[in-house]
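K.L.:
File name work.csv; file contents CSV, C-alpha atoms; full text below.
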```
chain,number,residue,atom,x,y,z
G,1,SER,CA,82.1,147.3,67.4
G,2,SER,CA,81.6,143.9,65.8
G,3,ASP,CA,82.0,145.5,62.4
G,4,LEU,CA,85.2,147.1,63.5
G,5,GLU,CA,86.5,143.8,64.8
G,6,LYS,CA,85.7,142.1,61.5
G,7,MET,CA,87.7,144.8,59.7
G,8,GLY,CA,90.7,144.0,61.9
G,9,ALA,CA,90.6,147.0,64.3
G,10,PRO,CA,92.0,146.1,67.8
G,11,ILE,CA,89.2,146.3,70.4
G,12,TRP,CA,90.5,147.4,73.8
G,13,GLY,CA,89.0,146.2,77.0
G,14,THR,CA,86.1,143.7,77.1
G,15,SER,CA,85.7,141.7,73.9
G,16,VAL,CA,82.8,141.9,71.4
G,17,ASP,CA,82.1,138.3,72.1
G,18,THR,CA,81.7,139.0,75.9
G,19,ILE,CA,79.3,141.9,75.1
G,20,ASP,CA,77.3,139.5,73.0
G,21,LEU,CA,77.3,136.9,75.7
G,22,ALA,CA,75.8,139.3,78.2
G,23,GLU,CA,73.1,140.5,75.7
G,24,ASP,CA,72.2,137.1,74.2
G,25,ARG,CA,69.6,135.7,76.5
G,26,GLU,CA,70.2,132.0,75.6
G,27,ARG,CA,74.0,132.2,75.8
G,28,PHE,CA,73.8,134.1,79.1
G,29,ASN,CA,71.3,131.6,80.7
G,30,ALA,CA,73.5,128.7,79.6
G,31,LEU,CA,76.6,130.4,81.3
G,32,MET,CA,74.6,131.0,84.5
G,33,ASN,CA,73.5,127.3,84.5
G,34,THR,CA,77.1,126.2,84.1
G,35,LEU,CA,78.1,128.3,87.0
G,36,ASN,CA,75.1,127.0,89.1
G,37,ILE,CA,73.9,130.6,89.6
G,38,SER,CA,70.1,131.2,90.0
G,39,GLN,CA,68.1,133.5,87.7
G,40,PRO,CA,64.4,134.3,87.9
G,41,ALA,CA,62.4,131.9,85.6
G,42,GLY,CA,62.0,133.5,82.2
G,43,ALA,CA,61.3,133.1,78.5
G,44,THR,CA,62.1,134.7,75.1
G,45,ILE,CA,59.0,134.7,72.9
G,46,LEU,CA,58.3,135.6,69.3
G,47,THR,CA,54.5,135.3,69.0
G,48,ARG,CA,51.4,136.5,70.8
G,49,GLU,CA,50.3,132.9,71.5
G,50,GLU,CA,53.7,132.0,73.1
G,51,ALA,CA,53.4,135.0,75.4
G,52,PHE,CA,50.2,133.7,77.1
G,53,VAL,CA,51.6,130.2,77.4
G,54,ALA,CA,54.9,131.4,78.8
G,55,ALA,CA,53.3,133.8,81.4
G,56,GLU,CA,51.1,130.9,82.6
G,57,ASP,CA,54.1,128.6,82.9
G,58,ILE,CA,56.2,131.1,84.7
G,59,GLY,CA,53.4,132.3,87.0
G,60,TYR,CA,52.0,135.8,87.4
G,61,PRO,CA,53.1,138.5,88.3
G,62,VAL,CA,55.6,138.7,85.4
G,63,LEU,CA,58.0,141.4,84.1
G,64,VAL,CA,57.5,142.0,80.4
G,65,ARG,CA,59.8,144.1,78.1
G,66,PRO,CA,60.7,144.4,74.4
G,67,SER,CA,64.2,143.0,74.1
G,68,TYR,CA,65.6,145.9,72.1
G,69,VAL,CA,65.0,148.9,74.4
G,70,LEU,CA,67.5,150.6,76.7
G,71,GLY,CA,66.7,152.2,80.0
G,72,GLY,CA,63.5,150.2,80.9
G,73,ARG,CA,61.2,151.9,78.3
G,74,GLY,CA,58.1,149.8,77.6
G,75,MET,CA,58.8,147.5,80.6
G,76,ALA,CA,55.9,146.6,82.8
G,77,ILE,CA,54.8,144.3,85.6
G,78,VAL,CA,51.6,142.4,84.7
G,79,PHE,CA,49.5,140.6,87.2
G,80,ASP,CA,47.0,138.6,84.9
G,81,GLU,CA,46.2,137.6,81.4
G,82,GLU,CA,44.0,140.6,80.7
G,83,GLN,CA,46.8,143.0,81.6
G,84,LEU,CA,49.2,141.0,79.5
G,85,ARG,CA,46.9,141.3,76.5
G,86,LYS,CA,46.6,145.0,76.9
G,87,TRP,CA,50.4,145.5,77.2
G,88,LEU,CA,51.0,143.4,74.1
G,89,ASP,CA,48.5,145.4,72.1
G,90,GLU,CA,50.1,148.7,73.1
G,91,ASN,CA,53.8,147.8,73.0
G,92,VAL,CA,54.5,145.0,70.6
G,93,GLU,CA,54.4,145.0,66.8
G,94,TRP,CA,55.9,141.5,66.2
G,95,THR,CA,58.4,142.6,63.7
G,96,GLY,CA,60.8,139.8,64.5
G,97,HIS,CA,62.1,141.3,67.8
G,98,PRO,CA,61.5,139.0,70.7
G,99,VAL,CA,59.7,139.9,73.9
G,100,LEU,CA,61.2,138.9,77.3
G,101,ILE,CA,59.0,137.6,80.0
G,102,ASP,CA,60.5,137.0,83.5
G,103,LYS,CA,59.1,136.0,86.9
G,104,PHE,CA,58.7,139.2,88.9
G,105,LEU,CA,60.3,138.7,92.3
G,106,ASP,CA,57.7,140.3,94.5
G,107,ASP,CA,58.9,141.9,97.7
G,108,ALA,CA,62.6,141.2,97.0
G,109,TYR,CA,65.7,143.3,97.9
G,110,GLU,CA,67.7,144.5,94.9
G,111,VAL,CA,71.5,144.9,95.1
G,112,ASP,CA,73.9,146.5,92.5
G,113,VAL,CA,77.6,145.6,92.3
G,114,ASP,CA,80.2,147.6,90.4
G,115,ALA,CA,83.4,145.7,89.9
G,116,LEU,CA,86.6,145.6,87.9
G,117,CYS,CA,88.2,142.6,86.2
G,118,ASP,CA,91.4,142.3,84.3
G,119,GLY,CA,90.6,138.9,82.8
G,120,GLU,CA,92.3,137.1,85.7
G,121,HIS,CA,91.4,138.9,88.9
G,122,VAL,CA,88.1,140.6,90.1
G,123,THR,CA,87.9,143.4,92.6
G,124,ILE,CA,84.6,144.7,93.8
G,125,GLY,CA,84.4,148.5,93.8
G,126,GLY,CA,81.2,148.6,95.9
G,127,ILE,CA,78.0,146.8,96.8
G,128,MET,CA,74.8,149.0,96.9
G,129,GLN,CA,71.4,148.1,98.3
G,130,HIS,CA,68.5,149.7,96.6
G,131,ILE,CA,66.2,151.4,99.0
G,132,GLU,CA,63.1,150.8,96.9
G,133,GLU,CA,62.1,147.1,96.4
G,134,ALA,CA,63.2,145.2,93.3
G,135,GLY,CA,61.4,146.3,90.1
G,136,ILE,CA,62.0,150.0,90.3
G,137,HIS,CA,64.4,150.9,87.5
G,138,SER,CA,67.9,151.3,88.8
G,139,GLY,CA,68.1,154.8,87.4
G,140,ASP,CA,65.0,155.8,89.4
G,141,SER,CA,65.9,154.2,92.7
G,142,ALA,CA,67.9,155.4,95.7
G,143,CYS,CA,70.7,153.2,96.9
G,144,VAL,CA,73.0,153.0,100.0
G,145,VAL,CA,76.6,151.9,100.5
G,146,PRO,CA,77.2,149.7,102.5
G,147,PRO,CA,74.1,147.6,102.4
G,148,TYR,CA,72.0,147.9,105.6
G,149,LYS,CA,69.6,145.0,105.3
G,150,ILE,CA,71.5,142.2,103.5
G,151,SER,CA,72.9,139.5,105.7
G,152,TYR,CA,76.7,138.6,105.7
G,153,PHE,CA,75.6,135.2,104.4
G,154,HIS,CA,73.9,136.8,101.3
G,155,LEU,CA,76.8,139.3,100.8
G,156,ASP,CA,79.3,136.4,100.7
G,157,ILE,CA,77.2,134.7,98.0
G,158,ILE,CA,77.0,138.0,96.1
G,159,ARG,CA,80.8,138.4,96.3
G,160,ASP,CA,81.4,134.8,95.2
G,161,TYR,CA,79.0,135.2,92.2
G,162,THR,CA,80.7,138.5,91.2
G,163,GLN,CA,84.1,136.8,91.2
G,164,ARG,CA,82.9,133.8,89.2
G,165,ILE,CA,81.0,135.8,86.6
G,166,GLY,CA,83.8,138.3,86.0
G,167,LYS,CA,86.4,135.6,85.4
G,168,ALA,CA,84.1,133.3,83.4
G,169,MET,CA,83.1,136.2,81.1
G,170,GLN,CA,86.7,137.3,80.7
G,171,ILE,CA,85.8,140.9,81.3
G,172,LYS,CA,88.5,143.6,80.9
G,173,GLY,CA,87.5,146.7,82.7
G,174,LEU,CA,84.3,147.6,84.6
G,175,PHE,CA,81.1,145.5,84.9
G,176,ASN,CA,77.9,145.9,86.8
G,177,ILE,CA,75.7,143.1,88.2
G,178,GLN,CA,72.1,143.5,89.4
G,179,PHE,CA,71.1,140.9,92.0
G,180,ALA,CA,67.8,140.2,93.8
G,181,VAL,CA,67.6,138.6,97.3
G,182,LYS,CA,64.3,136.8,98.0
G,183,ASP,CA,63.4,134.0,100.4
G,184,ASP,CA,67.1,133.3,101.2
G,185,GLU,CA,67.9,132.9,97.5
G,186,VAL,CA,70.3,135.2,95.6
G,187,TYR,CA,69.3,135.7,91.9
G,188,VAL,CA,71.3,137.4,89.1
G,189,LEU,CA,69.0,139.7,87.2
G,190,GLU,CA,71.5,140.9,84.6
G,191,VAL,CA,75.2,141.6,84.0
G,192,ASN,CA,76.3,144.7,82.1
G,193,PRO,CA,79.9,144.3,80.8
G,194,ARG,CA,80.5,148.1,81.0
G,195,SER,CA,80.6,151.1,83.3
G,196,SER,CA,77.3,151.9,85.0
G,197,ARG,CA,75.7,155.1,86.2
G,198,THR,CA,76.6,154.3,89.8
G,199,VAL,CA,80.4,154.2,89.2
G,200,PRO,CA,80.9,157.9,89.9
G,201,PHE,CA,78.9,157.5,93.1
G,202,ILE,CA,81.0,154.5,94.2
G,203,SER,CA,84.2,156.3,93.3
G,204,LYS,CA,83.2,159.2,95.5
G,205,ALA,CA,82.3,156.9,98.4
G,206,THR,CA,85.5,154.9,98.3
G,207,GLY,CA,88.0,157.5,97.0
G,208,HIS,CA,89.1,155.1,94.2
G,209,PRO,CA,88.7,156.4,90.5
G,210,LEU,CA,87.1,153.3,89.1
G,211,ALA,CA,86.7,154.7,85.5
G,212,SER,CA,90.4,155.6,85.4
G,213,TYR,CA,91.3,152.1,86.6
G,214,ALA,CA,89.0,150.5,83.9
G,215,ALA,CA,90.7,152.7,81.2
G,216,GLN,CA,94.1,151.6,82.3
G,217,ILE,CA,93.0,147.9,82.3
G,218,ALA,CA,91.7,148.3,78.8
G,219,ALA,CA,95.2,149.7,77.9
G,220,GLY,CA,96.9,146.5,79.3
G,221,LYS,CA,97.4,147.1,83.0
G,222,THR,CA,96.4,144.6,85.7
G,223,LEU,CA,94.6,145.2,89.0
G,224,ALA,CA,98.0,144.2,90.7
G,225,ASP,CA,99.7,147.0,88.6
G,226,LEU,CA,97.1,149.4,89.9
G,227,ASN,CA,97.4,148.1,93.5
G,228,PHE,CA,93.6,147.6,93.6
G,229,LEU,CA,93.2,143.9,94.7
G,230,THR,CA,90.8,144.2,97.6
G,231,GLU,CA,87.3,145.7,98.0
G,232,PRO,CA,87.7,149.1,99.6
G,233,LYS,CA,86.2,149.7,103.0
G,234,VAL,CA,83.7,152.5,103.2
G,235,ASP,CA,83.9,155.0,106.1
G,236,GLY,CA,80.2,155.8,107.0
G,237,PHE,CA,77.1,155.6,104.9
G,238,PHE,CA,76.7,157.0,101.4
G,239,ILE,CA,73.3,157.4,99.7
G,240,LYS,CA,72.6,158.0,96.0
G,241,GLU,CA,69.2,159.6,95.3
G,242,ALA,CA,67.7,160.0,91.9
G,243,VAL,CA,66.9,163.6,90.8
G,244,PHE,CA,63.8,163.9,88.7
G,245,PRO,CA,63.6,166.8,86.3
G,246,PHE,CA,60.0,167.9,87.1
G,247,GLN,CA,60.1,170.7,84.5
G,248,LYS,CA,60.2,167.9,81.9
G,249,PHE,CA,57.0,166.1,83.2
```
Could you take the file, read its structure, and then write that structure out as structure tokens?
P.N.:
Amino acid sequence: SSDLEKMGAPIWGTSVDTIDLAEDRERFNALMNTLNISQPAGATILTREEAFVAAEDIGYPVLVRPSYVLGGRGMAIVFDEEQLRKWLDENVEWTGHPVLIDKFLDDAYEVDVDALCDGEHVTIGGIMQHIEEAGIHSGDSACVVPPYKISYFHLDIIRDYTQRIGKAMQIKGLFNIQFAVKDDEVYVLEVNPRSSRTVPFISKATGHPLASYAAQIAAGKTLADLNFLTEPKVDGFFIKEAVFPFQKF
């Protein structure tokens, strides 16, 4: 899409710059620091030697992943230097792509938020608590709406962070934020300035077609035009369970 933008094609919805801001580790960290929002300690490294130094500084266990993969492939939790050495040997070729090393938040609750922003206003579609602990890939974990073990105090912080991030990033359409709650601290794990796989689930739970709203925002409508300015109340509990295709294993 950046090539299209350079050729002068109009890009609807969230800008190419915002997509880059979410994906560029240093730009994103700088924005979170400006907004005073906590993230797990982490580092972007380019050499084998840096990896061992960074992991020692951050403190084991750490979450390691090649920066260029989607869907969690190659990601691992390593608990000591020996495991890190083995993972690097098996997964990294050092061709210029960085490796990301983050503090693994052991025994944390993970929370997903799907929200809409029209550049000015943010409306949360739904807040989901993962049933498995943080660290299970979101595509493999079950989640429940509304959250059943997150305090109102932490939910207020999550709502506030979602509002501030959507507006600061100037998102136009859907976005997804993954949070972790540990020891009374709310951390932002990542922000995806796009629709996520949980949007159909949230739409069914709330009765609001979020993808349709996002498409209309991309085409120029506001959340006020769509009469979707408040987070919808959920009647009962809704659970999303991952279905594993065992014939593929």
K.L.:
Name the residues in contact with Cys117 in chain G at a cut-off of 9 Å, using all atoms listed in the file, excluding same-chain residues fewer than 6 positions from it; report them as JSON, numbers by chain.
P.N.:
{"G": [123, 124, 163, 166, 167, 170, 171, 172, 173, 174, 175, 214, 217, 222, 223]}
K.L.:
Output as JSON lines one row per residue of range 86-169 of chain G within 8 Å of range 234-244 of chain G: the closest atom pair and its distance in Å to one decimal place, counting all atoms listed in the file, sorted by chain and residue number ascending.
P.N.:
```
{"residue": "G:Gly139", "atom": "CA", "partner": "G:Ala242", "partner_atom": "CA", "distance": 6.9}
{"residue": "G:Asp140", "atom": "CA", "partner": "G:Ala242", "partner_atom": "CA", "distance": 5.6}
{"residue": "G:Ser141", "atom": "CA", "partner": "G:Ala242", "partner_atom": "CA", "distance": 6.1}
{"residue": "G:Ala142", "atom": "CA", "partner": "G:Glu241", "partner_atom": "CA", "distance": 4.4}
{"residue": "G:Cys143", "atom": "CA", "partner": "G:Lys240", "partner_atom": "CA", "distance": 5.2}
{"residue": "G:Val144", "atom": "CA", "partner": "G:Ile239", "partner_atom": "CA", "distance": 4.4}
{"residue": "G:Val145", "atom": "CA", "partner": "G:Phe238", "partner_atom": "CA", "distance": 5.2}
{"residue": "G:Pro146", "atom": "CA", "partner": "G:Phe237", "partner_atom": "CA", "distance": 6.4}
```
K.L.:
Nearest to Ala22 in chain G among G:Asp102, G:Tyr187, G:Gly207, G:Met169, with distances taken over all atoms listed in the file: which residue is it?
P.N.:
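With all atoms listed in the file as the atom set, the closest residue is G:Met169.
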K.L.:
Which of these residues is nearest to Pro98 in chain G, using all atoms listed in the file: G:Glu81, G:Pro61, G:Arg48, G:Ile136?
P.N.:
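Result for the nearest residue to Pro98 in chain G: G:Arg48.
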K.L.:
Find the residues around Pro10 in chain G up to 12 Å (all atoms listed in the file counted), leave out those fewer than 5 positions away in its own chain, and share them as a list in words.
P.N.:
Ser1, Ser2, Asp3, Leu4, Glu5, Ser15, Val16, Ala218 and Ala219 of chain G
K.L.:
With a distance cut-off of 12 Å and only C-alpha atoms, select the neighbouring residues of Ala224 in chain G, excluding the residue or stretch itself and same-chain residues fewer than 3 positions from it, and output the selection as a list in words.
P.N.:
Leu116, Cys117, Asp118, Glu120, His121, Val122, Thr123, Tyr213, Gln216, Ile217, Gly220, Lys221, Asn227, Phe228, Leu229 and Thr230 of chain G
K.L.:
Counting all atoms listed in the file, which residue out of G:Ala205, G:Ile127, G:Val199, G:Val191 sits closest to Asn29 in chain G?
P.N.:
G:Val191
K.L.:
With only C-alpha atoms as the basis for distance, which of G:Glu82, G:Glu50, G:Glu90, G:Asp183 is at the shortest distance from Tyr109 in chain G?
P.N.:
G:Asp183
K.L.:
Dig up all the protein and nucleic acid residues within 9 Å of (67.6, 141.8, 94.7) in the file frame, using all atoms listed in the file, and format them as a count of residues only.
P.N.:
20
K.L.:
So how far away is CA of Lys248 in chain G from CA of Thr198 in chain G, in Å?
P.N.:
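Distance between the two atoms: 22.7 Å.
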K.L.:
One number please: CA of Ser195 in chain G to CA of Gly126 in chain G, in Å, one decimal.
P.N.:
12.9 Å
K.L.:
Leaving out Leu31 in chain G and any residue of its chain fewer than 2 positions from it, which residues lie within 12 Å of it when counting only C-alpha atoms, given as a VMD selection string?
P.N.:
chain G and resid 18 21 to 22 24 to 29 33 to 39 164 to 169 188 191
K.L.:
Take CA of Gly125 in chain G and CA of Arg197 in chain G and report the distance between them in Å, one decimal.
P.N.:
13.3 Å
K.L.:
Write out as a PyMOL selection string each polymer residue whose atoms come within 9 Å of Trp94 in chain G, counting all atoms listed in the file; drop sequence neighbours fewer than 2 positions from it.
P.N.:
chain G and resi 46-48+92+96-99
K.L.:
Restricting the calculation to all atoms listed in the file, which member of G:Asp107, G:Glu49, G:Pro66, G:Asp156 is positioned closest to Arg85 in chain G?
P.N.:
G:Glu49
K.L.:
Between G:Met32, G:Arg194, G:Ile19, G:Leu100, which is the closest to Ala51 in chain G once you count only C-alpha atoms?
P.N.:
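For Ala51 in chain G, the nearest of the given residues is G:Leu100.
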K.L.:
Output requested as an mmCIF file, in the coordinates of the input - range 207-218 of chain G, filled out with all heavy atoms.
P.N.:
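Saved to rebuild13.cif:
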```
data_model
loop_
_atom_site.group_PDB
_atom_site.id
_atom_site.type_symbol
_atom_site.label_atom_id
_atom_site.label_comp_id
_atom_site.auth_asym_id
_atom_site.auth_seq_id
_atom_site.Cartn_x
_atom_site.Cartn_y
_atom_site.Cartn_z
ATOM 1 N N GLY G 207 86.770 156.745 97.314
ATOM 2 C CA GLY G 207 88.000 157.500 97.000
ATOM 3 C C GLY G 207 88.873 156.797 95.978
ATOM 4 O O GLY G 207 90.045 157.125 95.831
ATOM 5 N N HIS G 208 88.302 155.826 95.227
ATOM 6 C CA HIS G 208 89.100 155.100 94.200
ATOM 7 C C HIS G 208 88.456 155.493 92.798
ATOM 8 O O HIS G 208 87.261 155.266 92.588
ATOM 9 C CB HIS G 208 89.012 153.631 94.354
ATOM 10 C CG HIS G 208 89.879 153.148 95.478
ATOM 11 N ND1 HIS G 208 91.225 152.852 95.323
ATOM 12 C CD2 HIS G 208 89.592 152.917 96.780
ATOM 13 C CE1 HIS G 208 91.721 152.460 96.476
ATOM 14 N NE2 HIS G 208 90.751 152.491 97.384
ATOM 15 N N PRO G 209 89.269 156.029 91.863
ATOM 16 C CA PRO G 209 88.700 156.400 90.500
ATOM 17 C C PRO G 209 88.538 155.203 89.634
ATOM 18 O O PRO G 209 89.386 154.846 88.819
ATOM 19 C CB PRO G 209 89.834 157.351 89.994
ATOM 20 C CG PRO G 209 91.094 156.848 90.636
ATOM 21 C CD PRO G 209 90.707 156.311 91.995
ATOM 22 N N LEU G 210 87.393 154.544 89.764
ATOM 23 C CA LEU G 210 87.100 153.300 89.100
ATOM 24 C C LEU G 210 87.215 153.393 87.559
ATOM 25 O O LEU G 210 87.717 152.500 86.877
ATOM 26 C CB LEU G 210 85.798 152.674 89.501
ATOM 27 C CG LEU G 210 85.603 152.384 90.997
ATOM 28 C CD1 LEU G 210 84.260 151.709 91.230
ATOM 29 C CD2 LEU G 210 86.734 151.530 91.555
ATOM 30 N N ALA G 211 86.688 154.499 87.009
ATOM 31 C CA ALA G 211 86.700 154.700 85.500
ATOM 32 C C ALA G 211 88.136 154.779 85.031
ATOM 33 O O ALA G 211 88.475 154.227 83.978
ATOM 34 C CB ALA G 211 85.885 155.893 85.149
ATOM 35 N N SER G 212 88.976 155.451 85.781
ATOM 36 C CA SER G 212 90.400 155.600 85.400
ATOM 37 C C SER G 212 91.066 154.198 85.440
ATOM 38 O O SER G 212 91.819 153.830 84.533
ATOM 39 C CB SER G 212 91.103 156.534 86.358
ATOM 40 O OG SER G 212 92.497 156.501 86.152
ATOM 41 N N TYR G 213 90.772 153.426 86.485
ATOM 42 C CA TYR G 213 91.300 152.100 86.600
ATOM 43 C C TYR G 213 90.890 151.231 85.363
ATOM 44 O O TYR G 213 91.682 150.501 84.778
ATOM 45 C CB TYR G 213 90.849 151.363 87.850
ATOM 46 C CG TYR G 213 91.374 151.923 89.156
ATOM 47 C CD1 TYR G 213 90.816 151.518 90.369
ATOM 48 C CD2 TYR G 213 92.427 152.834 89.206
ATOM 49 C CE1 TYR G 213 91.276 152.009 91.588
ATOM 50 C CE2 TYR G 213 92.904 153.338 90.416
ATOM 51 C CZ TYR G 213 92.321 152.925 91.608
ATOM 52 O OH TYR G 213 92.772 153.406 92.807
ATOM 53 N N ALA G 214 89.588 151.338 85.023
ATOM 54 C CA ALA G 214 89.000 150.500 83.900
ATOM 55 C C ALA G 214 89.745 150.904 82.596
ATOM 56 O O ALA G 214 90.073 150.026 81.793
ATOM 57 C CB ALA G 214 87.546 150.761 83.785
ATOM 58 N N ALA G 215 89.978 152.208 82.379
ATOM 59 C CA ALA G 215 90.700 152.700 81.200
ATOM 60 C C ALA G 215 92.084 152.097 81.104
ATOM 61 O O ALA G 215 92.554 151.662 80.046
ATOM 62 C CB ALA G 215 90.675 154.177 81.094
ATOM 63 N N GLN G 216 92.734 152.071 82.257
ATOM 64 C CA GLN G 216 94.100 151.600 82.300
ATOM 65 C C GLN G 216 94.148 150.039 82.077
ATOM 66 O O GLN G 216 95.065 149.516 81.447
ATOM 67 C CB GLN G 216 94.774 151.930 83.630
ATOM 68 C CG GLN G 216 95.048 153.435 83.736
ATOM 69 C CD GLN G 216 95.658 153.801 85.078
ATOM 70 O OE1 GLN G 216 96.815 153.475 85.336
ATOM 71 N NE2 GLN G 216 94.890 154.464 85.929
ATOM 72 N N ILE G 217 93.115 149.331 82.587
ATOM 73 C CA ILE G 217 93.000 147.900 82.300
ATOM 74 C C ILE G 217 92.827 147.632 80.839
ATOM 75 O O ILE G 217 93.453 146.747 80.254
ATOM 76 C CB ILE G 217 91.888 147.248 83.172
ATOM 77 C CG1 ILE G 217 92.276 147.224 84.654
ATOM 78 C CG2 ILE G 217 91.563 145.833 82.686
ATOM 79 C CD1 ILE G 217 91.120 146.899 85.600
ATOM 80 N N ALA G 218 91.947 148.434 80.211
ATOM 81 C CA ALA G 218 91.700 148.300 78.800
ATOM 82 C C ALA G 218 93.031 148.506 77.997
ATOM 83 O O ALA G 218 93.258 147.887 76.959
ATOM 84 C CB ALA G 218 90.656 149.300 78.295
#
```
